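Student: The structure that follows is given in the form of structure tokens.
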Amino acid sequence: MHEKKGGTKLHNTNTKYYYPYISPFDPCKPIVIKSYSTPPHLYMGFQPPNLPQFSTAREALFRGTLWPALYDTYPPEKAREE
């Protein structure tokens, strides 16, 4: 984990968290911490040659990518909001 200026922590994970501004005048219950998912390709400087592929075209279409290294499950919003 790295610390960036201003106290923001940088993680090498696919799920990132941040603390939004909470207005004292907002009538709704505040969401103290929010999260978002980042795709795996952001952490690969380039696509290496001979990257393994899914065994069948059906599996690749179901996953949305030809390469398992670029597949991400993108957890449901409820799981990310914890």
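Residue names in the structure tokens use chain letters A, B, ... in the order shown, residue numbers from 1 in each chain, and ligand numbers from 1 in the order shown.
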At a cut-off of 9 Å, using only C-alpha atoms, what residues contact Tyr19 of chain A? Leave out same-chain residues fewer than 2 positions from it and give the result as a VMD selection string.
Tutor: chain A and resid 17 21 to 22 31 to 35
Student: Compile the contact shell of Ala69 of chain A as a PyMOL selection string: residues with an atom at most 8 Å away, counting only C-alpha atoms, same-chain residues fewer than 6 positions apart removed.
Tutor: chain A and resi 40+51-52
Student: Just to confirm, what's the straight-line distance from atom CA of Tyr74 of chain A to atom CA of Leu42 of chain A in Å (one decimal)?
Tutor: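 Computing it gives 14.3 Å between the two atoms.
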Student: Pick from A:Pro24, A:His41, A:Pro30, A:Ala57: nearest to Asp72 of chain A, with only C-alpha atoms counted?
Tutor: A:His41
Student: List the neighbours of Lys16 of chain A out to 8 Å using only C-alpha atoms; skip same-chain residues closer than 4 positions along the sequence, and give me the result as JSON, numbers by chain.
Tutor: {"A": [11, 35, 36, 37, 38]}
Student: Filtering to N, CA, C and O atoms, could you give me those residues as a PDB file, in the first residue's frame?
Tutor:
ATOM      1  N   HIS A  11      -3.942   1.345  -3.612  1.00  0.00           N
ATOM      2  CA  HIS A  11      -3.874  -0.108  -3.478  1.00  0.00           C
ATOM      3  C   HIS A  11      -3.674  -0.720  -4.853  1.00  0.00           C
ATOM      4  O   HIS A  11      -4.106  -0.179  -5.852  1.00  0.00           O
ATOM      5  N   SER A  35     -17.124   2.887  -3.334  1.00  0.00           N
ATOM      6  CA  SER A  35     -16.130   2.051  -4.003  1.00  0.00           C
ATOM      7  C   SER A  35     -16.438   1.949  -5.488  1.00  0.00           C
ATOM      8  O   SER A  35     -17.559   2.204  -5.921  1.00  0.00           O
ATOM      9  N   TYR A  36     -15.425   1.578  -6.239  1.00  0.00           N
ATOM     10  CA  TYR A  36     -15.592   1.337  -7.665  1.00  0.00           C
ATOM     11  C   TYR A  36     -14.579   0.283  -8.095  1.00  0.00           C
ATOM     12  O   TYR A  36     -13.569   0.053  -7.433  1.00  0.00           O
ATOM     13  N   SER A  37     -14.876  -0.374  -9.187  1.00  0.00           N
ATOM     14  CA  SER A  37     -14.029  -1.452  -9.682  1.00  0.00           C
ATOM     15  C   SER A  37     -13.204  -0.968 -10.861  1.00  0.00           C
ATOM     16  O   SER A  37     -13.699  -0.233 -11.711  1.00  0.00           O
ATOM     17  N   THR A  38     -11.942  -1.354 -10.893  1.00  0.00           N
ATOM     18  CA  THR A  38     -11.072  -1.007 -12.019  1.00  0.00           C
ATOM     19  C   THR A  38     -10.720  -2.279 -12.787  1.00  0.00           C
ATOM     20  O   THR A  38     -10.522  -3.336 -12.172  1.00  0.00           O
TER      21      THR A  38
END
Student: At a cut-off of 12 Å, using only C-alpha atoms, what residues contact Leu66 of chain A? Leave out same-chain residues fewer than 4 positions from it and give the result as a compact mmCIF listing (two decimals) with N, CA, C and O atoms, in the first residue's frame.
Tutor:
# COMPACT_ATOMS: atom_id res chain seq x y z
N LEU A 51 -0.19 -14.91 -24.38
CA LEU A 51 -1.05 -14.90 -23.20
C LEU A 51 -2.05 -16.04 -23.33
O LEU A 51 -2.66 -16.21 -24.38
N PRO A 52 -2.23 -16.87 -22.29
CA PRO A 52 -3.18 -17.99 -22.38
C PRO A 52 -4.60 -17.50 -22.70
O PRO A 52 -5.00 -16.43 -22.25
N GLN A 53 -5.33 -18.30 -23.47
CA GLN A 53 -6.69 -17.95 -23.87
C GLN A 53 -7.67 -18.94 -23.25
O GLN A 53 -7.30 -20.03 -22.85
N PHE A 54 -8.94 -18.54 -23.17
CA PHE A 54 -9.97 -19.47 -22.73
C PHE A 54 -10.02 -20.63 -23.71
O PHE A 54 -9.75 -20.47 -24.91
N SER A 55 -10.40 -21.81 -23.23
CA SER A 55 -10.34 -23.01 -24.06
C SER A 55 -11.39 -23.05 -25.16
O SER A 55 -11.15 -23.63 -26.21
N THR A 56 -12.55 -22.44 -24.94
CA THR A 56 -13.60 -22.47 -25.97
C THR A 56 -14.07 -21.04 -26.27
O THR A 56 -13.97 -20.15 -25.43
N ALA A 57 -14.59 -20.88 -27.47
CA ALA A 57 -15.13 -19.57 -27.86
C ALA A 57 -16.35 -19.23 -27.01
O ALA A 57 -16.56 -18.07 -26.64
N ARG A 58 -17.13 -20.24 -26.65
CA ARG A 58 -18.32 -20.02 -25.82
C ARG A 58 -17.92 -19.44 -24.46
O ARG A 58 -18.54 -18.49 -23.97
N GLU A 59 -16.89 -20.01 -23.86
CA GLU A 59 -16.43 -19.50 -22.56
C GLU A 59 -15.91 -18.07 -22.68
O GLU A 59 -16.18 -17.22 -21.84
N ALA A 60 -15.16 -17.80 -23.75
CA ALA A 60 -14.63 -16.44 -23.97
C ALA A 60 -15.77 -15.43 -24.16
O ALA A 60 -15.73 -14.34 -23.61
N LEU A 61 -16.79 -15.81 -24.91
CA LEU A 61 -17.94 -14.92 -25.11
C LEU A 61 -18.70 -14.70 -23.81
O LEU A 61 -19.15 -13.60 -23.52
N PHE A 62 -18.83 -15.75 -23.01
CA PHE A 62 -19.52 -15.64 -21.73
C PHE A 62 -18.76 -14.70 -20.80
O PHE A 62 -19.35 -13.91 -20.08
N LEU A 70 -7.40 -11.02 -18.30
CA LEU A 70 -8.14 -9.76 -18.43
C LEU A 70 -9.58 -9.87 -17.94
O LEU A 70 -10.34 -8.92 -18.03
N TYR A 71 -9.94 -11.04 -17.42
CA TYR A 71 -11.31 -11.24 -16.93
C TYR A 71 -11.43 -10.75 -15.50
O TYR A 71 -10.57 -10.98 -14.66
Student: Under the rule that only C-alpha atoms are counted, which of A:Arg63, A:Ser23, A:Asn14, A:Pro68 is the nearest residue to Pro39 of chain A?
Tutor: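 Of all the options, A:Asn14 lies closest to Pro39 of chain A.
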